[in-house]
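Structure file upload23.cif with mmCIF, C-alpha atoms, pLDDT in the B column; chains and numbers go by the auth columns:
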```
data_entry
loop_
_atom_site.group_PDB
_atom_site.id
_atom_site.type_symbol
_atom_site.label_atom_id
_atom_site.label_comp_id
_atom_site.label_asym_id
_atom_site.label_seq_id
_atom_site.Cartn_x
_atom_site.Cartn_y
_atom_site.Cartn_z
_atom_site.B_iso_or_equiv
_atom_site.auth_seq_id
_atom_site.auth_asym_id
ATOM 1 C CA ASP A 1 31.723 -34.183 -14.767 88.00 220 A
ATOM 2 C CA ILE A 2 30.974 -36.514 -11.857 91.00 221 A
ATOM 3 C CA ASN A 3 34.564 -36.203 -10.605 88.00 222 A
ATOM 4 C CA GLU A 4 34.527 -32.406 -10.852 91.00 223 A
ATOM 5 C CA GLU A 5 31.082 -31.893 -9.293 94.00 224 A
ATOM 6 C CA PRO A 6 30.238 -35.018 -7.250 94.00 225 A
ATOM 7 C CA GLY A 7 27.656 -33.201 -5.136 94.00 226 A
ATOM 8 C CA LYS A 8 25.494 -32.716 -8.237 96.00 227 A
ATOM 9 C CA TYR A 9 25.110 -36.513 -8.455 96.00 228 A
ATOM 10 C CA ASP A 10 24.713 -37.243 -4.721 97.00 229 A
ATOM 11 C CA GLY A 11 21.737 -39.565 -4.170 97.00 230 A
ATOM 12 C CA LYS A 12 21.266 -40.443 -7.849 98.00 231 A
ATOM 13 C CA THR A 13 21.225 -44.008 -9.170 98.00 232 A
ATOM 14 C CA VAL A 14 23.338 -45.103 -12.142 97.00 233 A
ATOM 15 C CA ARG A 15 23.504 -48.233 -14.279 98.00 234 A
ATOM 16 C CA PHE A 16 26.525 -48.932 -16.454 97.00 235 A
ATOM 17 C CA LYS A 17 28.770 -51.646 -17.877 97.00 236 A
ATOM 18 C CA GLY A 18 32.373 -51.707 -16.726 97.00 237 A
ATOM 19 C CA GLN A 19 35.350 -53.873 -15.932 98.00 238 A
ATOM 20 C CA VAL A 20 36.171 -55.016 -12.424 97.00 239 A
ATOM 21 C CA ALA A 21 39.233 -53.438 -10.831 96.00 240 A
ATOM 22 C CA MET A 22 40.320 -54.266 -7.312 94.00 241 A
ATOM 23 C CA LEU A 23 41.450 -51.429 -5.068 88.00 242 A
ATOM 24 C CA ARG A 24 44.906 -51.503 -3.513 80.00 243 A
ATOM 25 C CA ARG A 25 43.793 -49.247 -0.661 68.00 244 A
ATOM 26 C CA ASP A 26 40.488 -49.413 1.195 62.00 245 A
ATOM 27 C CA LYS A 27 39.858 -52.988 0.141 69.00 246 A
ATOM 28 C CA ASN A 28 37.093 -53.436 2.725 81.00 247 A
ATOM 29 C CA ASN A 29 34.123 -54.584 0.660 92.00 248 A
ATOM 30 C CA MET A 30 34.982 -52.360 -2.286 95.00 249 A
ATOM 31 C CA PHE A 31 36.000 -52.619 -5.918 96.00 250 A
ATOM 32 C CA ALA A 32 36.156 -50.049 -8.720 96.00 251 A
ATOM 33 C CA PRO A 33 34.093 -50.743 -11.829 98.00 252 A
ATOM 34 C CA GLY A 34 35.210 -48.677 -14.802 97.00 253 A
ATOM 35 C CA ARG A 35 36.491 -48.481 -18.341 97.00 254 A
ATOM 36 C CA PHE A 36 39.688 -47.745 -20.181 95.00 255 A
ATOM 37 C CA VAL A 37 39.122 -44.324 -21.747 94.00 256 A
ATOM 38 C CA MET A 38 40.843 -42.220 -24.360 94.00 257 A
ATOM 39 C CA THR A 39 40.109 -38.494 -24.398 86.00 258 A
ATOM 40 C CA CYS A 40 42.718 -37.326 -26.908 88.00 259 A
ATOM 41 C CA CYS A 41 45.034 -39.953 -28.386 89.00 260 A
ATOM 42 C CA ALA A 42 46.294 -43.479 -27.747 89.00 261 A
ATOM 43 C CA ASP A 43 49.033 -42.138 -25.470 91.00 262 A
ATOM 44 C CA ASP A 44 46.470 -40.915 -22.930 92.00 263 A
ATOM 45 C CA ILE A 45 44.495 -44.165 -22.493 94.00 264 A
ATOM 46 C CA GLN A 46 43.892 -44.835 -18.801 94.00 265 A
ATOM 47 C CA PHE A 47 41.537 -46.801 -16.602 95.00 266 A
ATOM 48 C CA CYS A 48 38.846 -44.707 -14.946 94.00 267 A
ATOM 49 C CA GLY A 49 37.002 -46.488 -12.163 95.00 268 A
ATOM 50 C CA VAL A 50 34.776 -45.391 -9.315 96.00 269 A
ATOM 51 C CA PRO A 51 35.072 -46.867 -5.797 96.00 270 A
ATOM 52 C CA CYS A 52 32.054 -49.078 -5.161 97.00 271 A
ATOM 53 C CA ARG A 53 30.870 -50.737 -1.959 97.00 272 A
ATOM 54 C CA TYR A 54 29.897 -54.332 -2.571 97.00 273 A
ATOM 55 C CA PRO A 55 29.451 -57.077 0.049 95.00 274 A
ATOM 56 C CA ASP A 56 31.627 -59.669 -1.726 92.00 275 A
ATOM 57 C CA PRO A 57 34.147 -58.101 -4.116 93.00 276 A
ATOM 58 C CA GLN A 58 36.385 -61.179 -3.813 91.00 277 A
ATOM 59 C CA SER A 59 33.755 -63.108 -5.774 94.00 278 A
ATOM 60 C CA LEU A 60 34.418 -60.871 -8.799 96.00 279 A
ATOM 61 C CA GLU A 61 37.101 -61.728 -11.331 96.00 280 A
ATOM 62 C CA PRO A 62 39.489 -58.817 -11.992 96.00 281 A
ATOM 63 C CA ARG A 63 39.035 -57.342 -15.497 96.00 282 A
ATOM 64 C CA SER A 64 35.767 -59.248 -16.007 98.00 283 A
ATOM 65 C CA TRP A 65 32.822 -57.254 -17.332 98.00 284 A
ATOM 66 C CA VAL A 66 29.871 -56.466 -15.071 98.00 285 A
ATOM 67 C CA MET A 67 26.658 -54.467 -15.235 98.00 286 A
ATOM 68 C CA VAL A 68 26.468 -52.287 -12.131 98.00 287 A
ATOM 69 C CA GLU A 69 23.456 -50.523 -10.696 98.00 288 A
ATOM 70 C CA ALA A 70 24.473 -48.289 -7.817 98.00 289 A
ATOM 71 C CA LYS A 71 23.608 -45.275 -5.710 98.00 290 A
ATOM 72 C CA ILE A 72 26.066 -42.351 -5.853 98.00 291 A
ATOM 73 C CA ALA A 73 27.307 -40.466 -2.797 98.00 292 A
ATOM 74 C CA ALA A 74 29.755 -37.569 -2.675 97.00 293 A
ATOM 75 C CA GLU A 75 32.312 -38.709 -0.081 95.00 294 A
ATOM 76 C CA MET A 76 35.939 -38.547 0.925 93.00 295 A
ATOM 77 C CA HIS A 77 37.951 -41.554 -0.283 90.00 296 A
ATOM 78 C CA PRO A 78 41.728 -42.162 -0.429 89.00 297 A
ATOM 79 C CA LEU A 79 41.567 -42.162 -4.251 88.00 298 A
ATOM 80 C CA TYR A 80 40.518 -38.507 -4.150 91.00 299 A
ATOM 81 C CA HIS A 81 43.449 -37.286 -2.008 91.00 300 A
ATOM 82 C CA GLY A 82 41.417 -35.369 0.569 90.00 301 A
ATOM 83 C CA GLU A 83 38.749 -34.120 -1.863 93.00 302 A
ATOM 84 C CA LEU A 84 35.112 -35.134 -2.244 95.00 303 A
ATOM 85 C CA GLY A 85 34.491 -37.622 -5.012 96.00 304 A
ATOM 86 C CA PRO A 86 31.872 -40.108 -6.184 97.00 305 A
ATOM 87 C CA VAL A 87 31.562 -43.320 -4.189 97.00 306 A
ATOM 88 C CA LEU A 88 29.063 -45.956 -5.293 98.00 307 A
ATOM 89 C CA THR A 89 27.024 -48.372 -3.219 98.00 308 A
ATOM 90 C CA ALA A 90 26.080 -51.343 -5.384 98.00 309 A
ATOM 91 C CA LEU A 91 22.430 -52.268 -5.604 98.00 310 A
ATOM 92 C CA LYS A 92 23.092 -54.964 -8.245 98.00 311 A
ATOM 93 C CA VAL A 93 26.229 -56.366 -9.849 98.00 312 A
ATOM 94 C CA ALA A 94 25.795 -58.960 -12.593 98.00 313 A
ATOM 95 C CA ALA A 95 28.114 -60.594 -15.097 97.00 314 A
ATOM 96 C CA ALA A 96 27.984 -58.951 -18.519 98.00 315 A
ATOM 97 C CA GLU A 97 29.247 -59.467 -22.038 97.00 316 A
ATOM 98 C CA PRO A 98 32.327 -57.414 -22.935 97.00 317 A
ATOM 99 C CA ALA A 99 31.763 -53.948 -24.383 95.00 318 A
ATOM 100 C CA GLU A 100 31.879 -53.672 -28.174 93.00 319 A
ATOM 101 C CA GLN A 101 35.007 -51.524 -27.878 91.00 320 A
ATOM 102 C CA ASP A 102 37.736 -52.166 -25.281 86.00 321 A
ATOM 103 C CA VAL A 103 38.428 -48.442 -24.955 91.00 322 A
ATOM 104 C CA ALA A 104 35.762 -45.782 -24.570 89.00 323 A
ATOM 105 C CA THR A 105 36.407 -42.584 -26.537 84.00 324 A
ATOM 106 C CA PHE A 106 35.024 -39.084 -26.144 72.00 325 A
#
```

For this file, write the structure as structure tokens.
Amino acid sequence: DINEEPGKYDGKTVRFKGQVAMLRRDKNNMFAPGRFVMTCCADDIQFCGVPCRYPDPQSLEPRSWVMVEAKIAAEMHPLYHGELGPVLTALKVAAAEPAEQDVATF
């Protein structure tokens, strides 16, 4: 829902556990916390992350688990190919234990 209607979440604060992913584009003080998700079957498993501003993303280990508290803004970002999408600004990022399940299902 947040990807389809980012304006609905603009200004809200979220807290969630995710894995650290580094961005290939727009690396300037950003990473993308997220999860591997499966919506239908094992063939559709993919990583879903949200761009997140963070002062020192290089201090984070790729694929490590973190608890993120962040403010959401609806913004343009290269990941969204010219569309508005959610962009986080981290308030807190802390190391976390891995999730009970590697893949989130819906």

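With distances taken over all atoms listed in the file, A:Asn248 is the one residue among A:Gln320, A:Asn222, A:Gln238, A:Asn248 lying closest to Pro276 in chain A.
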
Requested in this report: Mind checking which residues fall within 6 Å of range 293-300 of chain A, counting all atoms listed in the file, ignoring those fewer than 2 positions away in the same chain, and posting them as JSON, numbers by chain?
Outcome: {"A": [225, 226, 229, 302, 303, 304, 305]}

Writer output for current selection, C-alpha atoms, as a PDB file, in the frame of the given file:
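result10.pdb was written with the following content:
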```
ATOM      1  CA  PRO A 225      30.238 -35.018  -7.250  1.00 94.00           C
ATOM      2  CA  GLY A 226      27.656 -33.201  -5.136  1.00 94.00           C
ATOM      3  CA  ASP A 229      24.713 -37.243  -4.721  1.00 97.00           C
ATOM      4  CA  GLU A 302      38.749 -34.120  -1.863  1.00 93.00           C
ATOM      5  CA  LEU A 303      35.112 -35.134  -2.244  1.00 95.00           C
ATOM      6  CA  GLY A 304      34.491 -37.622  -5.012  1.00 96.00           C
ATOM      7  CA  PRO A 305      31.872 -40.108  -6.184  1.00 97.00           C
TER       8      PRO A 305
END
```

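What separates CA of Arg272 in chain A from CA of Leu307 in chain A is a distance of 6.1 Å.
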
Query - Expansion of the PyMOL selection byres ((chain A and resi 325) around 12) into residues, as JSON, numbers by chain - result: {"A": [255, 256, 257, 258, 259, 260, 264, 322, 323, 324]}

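Atom to atom, CA of Phe266 in chain A and CA of Val285 in chain A stand 15.2 Å apart.
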
Report summary line: Shortest contact to Val239 in chain A, candidates A:Ala314, A:Trp284, A:Ile291, A:Ile221, atoms counted all atoms listed in the file, goes to A:Trp284

**Report entry** the PyMOL selection byres ((chain A and resi 311) around 12) applied to the shown file, residues as a PyMOL selection string
**Finding:** chain A and resi 232-236+271-275+285-290+307-310+312-314

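For the pair CA of Pro270 in chain A and CA of Arg254 in chain A, the interatomic distance is 12.7 Å.
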
Report, as JSON, the centre and edge lengths in Å (one decimal) of the axis-aligned box enclosing every listed atom of range 223-230 of chain A, padded by 4 Å on each side.
```
{"center_x": 28.1, "center_y": -35.7, "center_z": -7.5, "size_x": 20.8, "size_y": 15.7, "size_z": 14.7}
```

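When you apply the PyMOL selection byres ((chain A and resi 241) around 6) to this structure, what comes back is Ala240, Leu242 and Phe250 of chain A.
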
Query raised in the report: For Ala292 in chain A, which of A:Gly268, A:Glu280, A:Val306, A:Ala261 is the closest residue, counting only C-alpha atoms?
Result: A:Val306

Report summary line: Gly253 in chain A proximity check over A:Gln265, A:Gly237, A:Glu223, A:Tyr228, using all atoms listed in the file: winner is A:Gly237

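Nearest to Pro317 in chain A of all the residues A:Pro252, A:Asn247, A:Val269, A:Arg282 is A:Arg282, counting all atoms listed in the file.
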
Using all heavy atoms, give me range 261-275 of chain A from the structure I just pasted, as a compact mmCIF listing (two decimals), in the first residue's frame.
```
# COMPACT_ATOMS: atom_id res chain seq x y z
N ALA A 261 6.98 -19.62 -4.18
CA ALA A 261 8.43 -19.49 -4.04
C ALA A 261 9.09 -18.83 -5.25
O ALA A 261 10.11 -18.18 -5.11
CB ALA A 261 9.06 -20.85 -3.78
N ASP A 262 8.47 -18.97 -6.42
CA ASP A 262 9.05 -18.37 -7.62
C ASP A 262 8.99 -16.85 -7.61
O ASP A 262 9.70 -16.19 -8.38
CB ASP A 262 8.34 -18.88 -8.88
CG ASP A 262 8.68 -20.33 -9.16
OD1 ASP A 262 9.72 -20.82 -8.66
OD2 ASP A 262 7.89 -20.97 -9.89
N ASP A 263 8.14 -16.25 -6.78
CA ASP A 263 8.02 -14.80 -6.80
C ASP A 263 8.74 -14.11 -5.63
O ASP A 263 8.57 -12.92 -5.41
CB ASP A 263 6.55 -14.37 -6.86
CG ASP A 263 5.82 -14.45 -5.53
OD1 ASP A 263 6.40 -14.97 -4.56
OD2 ASP A 263 4.67 -13.99 -5.45
N ILE A 264 9.57 -14.83 -4.88
CA ILE A 264 10.30 -14.22 -3.77
C ILE A 264 11.22 -13.13 -4.30
O ILE A 264 11.98 -13.35 -5.24
CB ILE A 264 11.11 -15.27 -2.99
CG1 ILE A 264 10.17 -16.25 -2.29
CG2 ILE A 264 12.03 -14.59 -1.96
CD1 ILE A 264 10.87 -17.42 -1.64
N GLN A 265 11.12 -11.94 -3.68
CA GLN A 265 12.00 -10.84 -4.05
C GLN A 265 12.25 -9.95 -2.84
O GLN A 265 11.48 -9.95 -1.89
CB GLN A 265 11.40 -10.02 -5.19
CG GLN A 265 10.10 -9.34 -4.85
CD GLN A 265 9.56 -8.56 -6.04
OE1 GLN A 265 10.26 -8.26 -6.99
NE2 GLN A 265 8.29 -8.23 -5.97
N PHE A 266 13.34 -9.21 -2.90
CA PHE A 266 13.67 -8.29 -1.83
C PHE A 266 12.90 -7.00 -2.04
O PHE A 266 12.88 -6.45 -3.13
CB PHE A 266 15.18 -7.99 -1.79
CG PHE A 266 15.57 -7.16 -0.61
CD1 PHE A 266 15.77 -7.74 0.63
CD2 PHE A 266 15.73 -5.79 -0.72
CE1 PHE A 266 16.12 -6.98 1.74
CE2 PHE A 266 16.08 -5.01 0.38
CZ PHE A 266 16.28 -5.62 1.61
N CYS A 267 12.25 -6.53 -0.99
CA CYS A 267 11.52 -5.27 -1.04
C CYS A 267 12.11 -4.36 0.03
O CYS A 267 11.93 -4.60 1.23
CB CYS A 267 10.04 -5.49 -0.78
SG CYS A 267 9.22 -6.40 -2.08
N GLY A 268 12.82 -3.34 -0.41
CA GLY A 268 13.42 -2.38 0.50
C GLY A 268 12.94 -0.98 0.20
O GLY A 268 12.40 -0.71 -0.86
N VAL A 269 13.14 -0.09 1.16
CA VAL A 269 12.73 1.30 1.01
C VAL A 269 13.96 2.18 1.18
O VAL A 269 14.70 2.01 2.16
CB VAL A 269 11.67 1.67 2.08
CG1 VAL A 269 11.24 3.12 1.95
CG2 VAL A 269 10.47 0.74 2.00
N PRO A 270 14.22 3.10 0.25
CA PRO A 270 15.38 3.99 0.41
C PRO A 270 15.29 4.73 1.74
O PRO A 270 14.23 5.22 2.12
CB PRO A 270 15.27 4.97 -0.76
CG PRO A 270 14.24 4.43 -1.68
CD PRO A 270 13.42 3.45 -0.92
N CYS A 271 16.43 4.79 2.42
CA CYS A 271 16.46 5.39 3.76
C CYS A 271 17.72 6.24 3.93
O CYS A 271 18.83 5.74 3.75
CB CYS A 271 16.44 4.27 4.80
SG CYS A 271 16.43 4.85 6.51
N ARG A 272 17.50 7.51 4.26
CA ARG A 272 18.64 8.39 4.57
C ARG A 272 19.20 8.00 5.94
O ARG A 272 18.44 7.83 6.89
CB ARG A 272 18.19 9.85 4.61
CG ARG A 272 17.82 10.39 3.28
CD ARG A 272 17.46 11.89 3.37
NE ARG A 272 17.04 12.33 2.07
CZ ARG A 272 15.79 12.28 1.62
NH1 ARG A 272 14.84 11.80 2.39
NH2 ARG A 272 15.50 12.70 0.41
N TYR A 273 20.52 7.91 5.98
CA TYR A 273 21.19 7.55 7.23
C TYR A 273 22.60 8.11 7.15
O TYR A 273 23.27 7.91 6.13
CB TYR A 273 21.20 6.02 7.36
CG TYR A 273 21.81 5.51 8.64
CD1 TYR A 273 21.27 5.84 9.87
CD2 TYR A 273 22.92 4.68 8.62
CE1 TYR A 273 21.82 5.37 11.04
CE2 TYR A 273 23.48 4.20 9.79
CZ TYR A 273 22.93 4.55 11.00
OH TYR A 273 23.48 4.08 12.17
N PRO A 274 23.06 8.82 8.18
CA PRO A 274 24.35 9.50 8.09
C PRO A 274 25.56 8.62 7.77
O PRO A 274 26.51 9.08 7.16
CB PRO A 274 24.53 10.15 9.47
CG PRO A 274 23.18 10.17 10.08
CD PRO A 274 22.40 9.05 9.45
N ASP A 275 25.53 7.34 8.18
CA ASP A 275 26.71 6.50 8.00
C ASP A 275 26.34 5.10 7.52
O ASP A 275 26.55 4.11 8.23
CB ASP A 275 27.50 6.44 9.31
CG ASP A 275 28.86 5.78 9.14
OD1 ASP A 275 29.36 5.69 7.99
OD2 ASP A 275 29.42 5.35 10.16
```
